[in-house]
Structures are given as structure tokens and as C-alpha cells.
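Let me begin by presenting the structure, written as C-alpha cells, before commenting on it.
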Amino acid sequence: MKNRLIKIVLFILFISSTNNLFSQNQIDSLKKKIENYIESKNIPGISISIVKSDSIIFSGGIGYANIEKKERVTDKHLFRLGSISKSFTALGLYNLIKESRYSLSSPIREIDKNIPFTNKWEQTDPVLVSHLLEHTTGFDEFHAHAIYNKIDSVMPPVINMVNDHNQSLHSRWQPGTKKAYSNPNYIVAGHLIEILSGVSSSEYIKENILNNIGMESSNYYFKKPKGKLFAQGYQRTGNTLNAIPFATINGSPAGEFCANAKDMTRYLQVMLKQDTTIFSKETFDRIEKPKTSIAAKKGLRFGYGLGNYTIWKNGHLFHGHGGQIDGFAARYIYSREADLGIAIAINRNGDANAIVDEILDLLLDIQNQAPLERKTFLIPKSLKTKFSGFYEFKSPRNELLAFSDRMFGGFILDFKEEMLVRRRLLGRPKDTLYYAGNNQFYFEKEGVPSAMLIESDYGKPAFWIHDNYTEKESRTKRLLLFFGLLISFLLVIIFFISSFIWLIRNFIKKKRKNPINHLVLFGVGLGLILIFVGFGLTMSDTKSAMNVNFSSLLLYFSSYALVLLSIISIYRWTKLPSKKGFKIFYKLTSIGAIFISIYLWNIGFIGLKLWSY
């Protein structure tokens, strides 16, 4: 979202607010200009909080909270903040657990033995409270059938939500090793708040966290609250904005938090000041530092703490979180060394990060940020020898979609003096990192290392990059799989197209040939296409993914049809006509169809019932 207008406007806002020379009329005039700007970008409205530790640079709204009613955004309009909820749930549980006989290192089964999760390492590596808050449990992401709550009219006990997500609550690896962002982690965290406090998680956080900060209007709203200023959410389709209803998710502690600009200024200033009248110094330190992942245990300080990301922006270390939920997107960040906090929310599906970046570019440029200072070192030969090679992602957020990262997300590590070059699967350079010592690496513009060479618990070379865990694997095997699938897919599609043409021509001929061979592999191609169509249509509307519908049934039956017809195509080898070229084409295509079927079966797409997944 590059535009001079917003930079000019924010520059004036910054200068005027810091020098107390800005009149209300000038502010109103600038707000009108921004309204024109965001209208051109199809953003209905923005809630903005920009603060220093001792002053508010800007707090308010620009644009429309509700287009139909011509209702403008103010600093009191509540916006849905999605996953920013996790920052407050983490504060609530950490605050509560310090007052109990438990700690962050307590196994969650000690607090409630009936939580429906599975962990085959529980005897030696139990799931701890800290694992929930740092996303190192190994739990899967939301499953499609459990994302939304269409039953309850008032917020149920969080244990009901936990039970609904039981299919996600399975440790896919040893807890406290890899990090994979999982909303169900924070649903379980909300349940622990209720167990330990004896009241609802939202009530406890409201009374003990939000009220102490001074966030008067903010809360976890299960339904759209009555009697409060609340922004309408919108979905952009092409150039059209459509109002969408408030859809309740089945995971309040993970994503139902709502706040306005006024409340977010208070939160940001508390975090900038490290206000010990509200939270202890220990609390501020702990929430901002990851400790449970394998990389954190080996000394990497960059990552996800307790509901709190580490981010390097514009020459400074920031902390914060982002969030998206139906019709809304949000982001907040703060940096004590830059003495700057920013919170943005928009009432349209999209990305709030670009607006935050624009504000950062403006304000930190004004402050004449110092040049990047850091030490780099030559990479030891022992590291180059041990860690050179191809790496695959091994900590997928969503197990159903893990094939995408594993198939297309691998990279090669290539070492040069003090530099590490990451190359894509086929060898093209991706980015460059610089050695910071102690097996840690900076990205080009970072002042804090965010990547690390490590060994897995079973001695395998691994590379931690931001929050992603990768392991050294065979590039040859990956290339064989990649090109095997690519060639198989091309063969099936080419045969599908050529058979379609042949079938039409055969139909209009007076003397027709037996079409069975063409029909079999034509059906394979059609089945493959319908699998992708069914999956895409179902997941494009996650509200209906929990129901049996046309698109989910299309995926289910098409997947079985693909397998059945692929097997029949092998049987048809004995019935092929005498044409040698056709025989070769047919056999290669049927082998490709079997290869695709085996792969899709292996990743869970054959017989996939999204309505119950």
C-alpha cells in the first residue's frame, strides 16, 4: 500500500501532535483526505493508535465503521482483532498461574486430567502450560468442521470448545521441540483459566487484565454486543464491498477479542513503559522471550513468546501480534528502544501489515534511525561440512495442507565465508543470511539473529528459521517426487484433453469406435480436476465446510473415483488396440494416475470428509 498521501498525512499528524500546534479543523480536513484515499483502496475504515511511552501521537478512526449507515470510525468503535486475542489470553493465564500452586512448567494434565488430547511422549515429555502459550505442543490447527459455533447463543464453557477441537489436540512430535501455530492451544489455555479461576475466561481477563490496564470497552465478544459502537465487517469481492455478518468462531480465547483505538493506546503505553503497577517486570520479560522450543533452549531469543511475536522492523526490535477474522484484519507492534507503539485495525478482510509498515517508514525515518550495527563472523568449516545440503519443513501449522510446504517449501543451504545463501529447490538464490556466532544468523537487515543451525533430539542436522523448523533431507528424493508428480499430472491432463477431443469426434462419426479406453483415463483426469475444485470451493467458504454440501461431497466421491479408475486403467492394458504410440501413451498415463493416487492417499485426500475433519 504505497502512496504519498498517507505518508504526508501521517507526517503532519506526527509533527502537529508532538508540537501541540494542530487545530481540530486541520485534523478534520486531513481525516477527510484519508477518507478519499481509503475509498480508492476499498478499505471501509481504519482504527489507529500511535503512541510514545509518555504521549499519544494519534488515536482515532478514519473512514466508515458502517458504509450503509454512513457511520464514521471513532476512537470508541470496537473492531474484531482476531488472533490478537492470544496476547490477552496469555497475560490472563500467566497472571493467574503465578497466584496458584502451578507454574508455566506444570503439565496441563495436573490441572485437568480430563483434557481430551493425546501425546505418546506424555510420560517423558508431557504437554506443559508454557507449550500451549508458545505453540510448541505439536497440536494441529483448526479442523474445518470445528471452526465456527452455530449452536450457542451465549458463550459456553471453554471446555465445550476444547471437546469440539479434540481432533486437533494430538501432539505430532515431542512437545517442547518444534513450534507450529495452533489456535486450539489457546482454547485449551482459556479452559485452564476457567479451571483455575472458577469463572469464565473472558470474565477473569476482563476483571484482572483489561480493567487494570484501563481498557474499558475491550472484551471477548461471543456475539455482536448491543449498545456499543461496533464496526461492521466487510468482504471485498473484486471492487465490491459486501457487509458480512458477525460469525462466532468456536474458540473465543484464541480469536474473539475486540478493542477500540482508545483502549489500544492504553495497552501500548503499558507495554512501552513496562508499567510495574500493572504487571511485574518478570511478566514483561517472560511474555517477550520464547523458552520452550529446541532453538530457544539453545539460546535463540527471536521468536514467539507468550502470545507475543518478536519482529525486526526499520532498525529496531519490536514485539506484537497480528490477527484476522471474518471481515477484519489487525496488527499491533511496539518497541521500547524506538519508543513507539502502533495498533491498526481495518473492517475488511485483508492485510493490516502494509499500513503499519507505512507508518513505521514515516515515523522512524523522521527520527533518523541509526545505521545497523552488528557483528558478523566467518562460518566455521565444521558447520559448513555438517549443515550444507537440502532442508524440508517439518513443523506444519495445518497437517492437511502440510504437503504444500513439504513439496514446494524446501531449500538448499550453501555456505560462503560469513554468509549463508538459501537456494530454492531448483537452485535459484532465495535470500542471504550472515553469521552472528553461536550457530545463529541474521537476515540482511536484521540486528538480532532469527535463524539457527541446530541438531534434532535424535542427532539430525536442522535449521530453525524465524519460527519454522526444517531438517536435512535428500534433495534427490525430493526432486524425484517433485518431477514424478509434475510429469504424472501433465500426462493425465494431456490425456484428458486429447480424449475429450477424441470422444467428441468419435461421437459425430457414423462409424464409431469403442470409447472405453479413452473414457477410463478421461475419468481419471476429470476426477483429479474435481478433487481440486471440490477442495477449493469448500475451503473458500469455511463457514459451510462443517456441513455436508455439494463441494465437500464432490471432493469425497471424486477422490475415490480417481483411485478406482486408475486401477481399472492398469487392467485395461490387456485390452488396448494395436497402435504402439497409443499403447505407450496410455500405459505411461495410467502409471502416472496410480502414482498420483498413492500420493493423494498418503497425504489424506482420498476419502477426505471435510465436514467431519
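Labels for the C-alpha cells follow display order: chains A, B, ..., residues from 1 in each chain, ligands from 1.
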Please return, as a ChimeraX atom specification, all residues of stretch 325-508 of chain A that DSSP assigns to alpha helix (DSSP H) on the basis of the backbone. /A:353-366,381-387,402-408,475-508
Counting only C-alpha atoms, which residues of stretch 336-382 of chain A sit at most 12 Å from some atom of stretch 230-235 of chain A, and what is each one's closest atom pair with its distance in Å to one decimal, listed by chain and rising residue number, as CSV?
residue,atom,partner,partner_atom,distance
A:Ala345,CA,A:Ala231,CA,10.2
A:Ile346,CA,A:Gly233,CA,8.5
A:Asn347,CA,A:Gly233,CA,4.8
A:Arg348,CA,A:Tyr234,CA,4.6
A:Asn349,CA,A:Gln235,CA,5.6
A:Gly350,CA,A:Gln235,CA,8.7
Might you pull out every residue within 7 Å of A:Gln269, with only C-alpha atoms counted and same-chain residues fewer than 6 positions away left off, and present them as an MDAnalysis selection string? chainID A and resid 51:53
Just the strand (DSSP E or B) stuff from stretch 133-271 of chain A, please, per backbone DSSP, written as a list in words. Tyr148, His170, Asn219, Tyr220, Phe230, Tyr234, Gln235, Arg236, Thr237, Thr240, Leu241, Asn242, Ala243, Ile249, Phe257, Cys258 and Ala259 of chain A
With N, CA and C atoms kept, could you save the residues just selected as an mmCIF file, in the first residue's frame?
data_model
loop_
_atom_site.group_PDB
_atom_site.id
_atom_site.type_symbol
_atom_site.label_atom_id
_atom_site.label_comp_id
_atom_site.auth_asym_id
_atom_site.auth_seq_id
_atom_site.Cartn_x
_atom_site.Cartn_y
_atom_site.Cartn_z
ATOM 1 N N TYR A 148 -16.414 -22.823 13.415
ATOM 2 C CA TYR A 148 -17.475 -21.891 13.804
ATOM 3 C C TYR A 148 -18.457 -22.522 14.778
ATOM 4 N N HIS A 170 -3.620 -33.371 19.182
ATOM 5 C CA HIS A 170 -2.756 -34.544 19.066
ATOM 6 C C HIS A 170 -1.332 -34.068 18.836
ATOM 7 N N ASN A 219 -13.181 -6.559 25.195
ATOM 8 C CA ASN A 219 -13.569 -7.832 25.796
ATOM 9 C C ASN A 219 -13.608 -8.895 24.695
ATOM 10 N N TYR A 220 -13.842 -10.137 25.122
ATOM 11 C CA TYR A 220 -14.070 -11.241 24.197
ATOM 12 C C TYR A 220 -15.575 -11.294 23.951
ATOM 13 N N PHE A 230 -19.784 -0.479 17.266
ATOM 14 C CA PHE A 230 -19.113 -1.673 16.754
ATOM 15 C C PHE A 230 -19.022 -1.581 15.235
ATOM 16 N N TYR A 234 -16.523 -6.234 6.469
ATOM 17 C CA TYR A 234 -16.810 -6.321 5.030
ATOM 18 C C TYR A 234 -15.892 -7.324 4.353
ATOM 19 N N GLN A 235 -16.422 -7.922 3.302
ATOM 20 C CA GLN A 235 -15.660 -8.826 2.441
ATOM 21 C C GLN A 235 -15.519 -8.162 1.080
ATOM 22 N N ARG A 236 -14.291 -8.082 0.590
ATOM 23 C CA ARG A 236 -14.073 -7.487 -0.723
ATOM 24 C C ARG A 236 -14.109 -8.570 -1.788
ATOM 25 N N THR A 237 -14.953 -8.386 -2.784
ATOM 26 C CA THR A 237 -15.026 -9.272 -3.935
ATOM 27 C C THR A 237 -14.849 -8.416 -5.176
ATOM 28 N N THR A 240 -16.044 -4.732 -5.186
ATOM 29 C CA THR A 240 -17.274 -4.579 -4.409
ATOM 30 C C THR A 240 -17.047 -4.959 -2.959
ATOM 31 N N LEU A 241 -17.594 -4.164 -2.052
ATOM 32 C CA LEU A 241 -17.551 -4.467 -0.630
ATOM 33 C C LEU A 241 -18.916 -4.965 -0.180
ATOM 34 N N ASN A 242 -18.934 -6.146 0.413
ATOM 35 C CA ASN A 242 -20.179 -6.711 0.911
ATOM 36 C C ASN A 242 -20.114 -6.861 2.422
ATOM 37 N N ALA A 243 -21.115 -6.314 3.101
ATOM 38 C CA ALA A 243 -21.190 -6.470 4.556
ATOM 39 C C ALA A 243 -21.411 -7.943 4.882
ATOM 40 N N ILE A 249 -16.719 -17.662 16.139
ATOM 41 C CA ILE A 249 -15.815 -18.785 15.989
ATOM 42 C C ILE A 249 -15.898 -19.681 17.223
ATOM 43 N N PHE A 257 -11.396 -11.519 20.604
ATOM 44 C CA PHE A 257 -11.139 -10.262 21.305
ATOM 45 C C PHE A 257 -11.479 -9.073 20.420
ATOM 46 N N CYS A 258 -12.098 -8.064 21.025
ATOM 47 C CA CYS A 258 -12.459 -6.829 20.321
ATOM 48 C C CYS A 258 -11.967 -5.637 21.130
ATOM 49 N N ALA A 259 -11.474 -4.610 20.449
ATOM 50 C CA ALA A 259 -10.991 -3.414 21.139
ATOM 51 C C ALA A 259 -11.149 -2.213 20.227
#
Using only C-alpha atoms, which protein or nucleic acid residues come within 8 Å of A:His466? Drop anything in the same chain fewer than 4 positions from it, and give the result as a PyMOL selection string. chain A and resi 302-303+450-451
Just the selected residues (C-alpha atoms), exported as a CSV table (one decimal), in the first residue's frame, please.
chain,number,residue,atom,x,y,z
A,302,PHE,CA,14.0,-14.4,18.5
A,303,GLY,CA,10.5,-15.9,18.1
A,450,SER,CA,16.5,-15.0,13.9
A,451,ALA,CA,17.9,-18.3,12.5
Can you pull out the residues contacting A:Trp312? Cut-off 9 Å, using only C-alpha atoms, and skip same-chain residues under 6 positions away; I want them as a PyMOL selection string. chain A and resi 318-319+445-448
Using only C-alpha atoms, which of A:Ile278, A:His145, A:Leu588, A:Leu306 sits nearest A:Ile487?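 With only C-alpha atoms as the atom set, the closest residue is A:Leu588.
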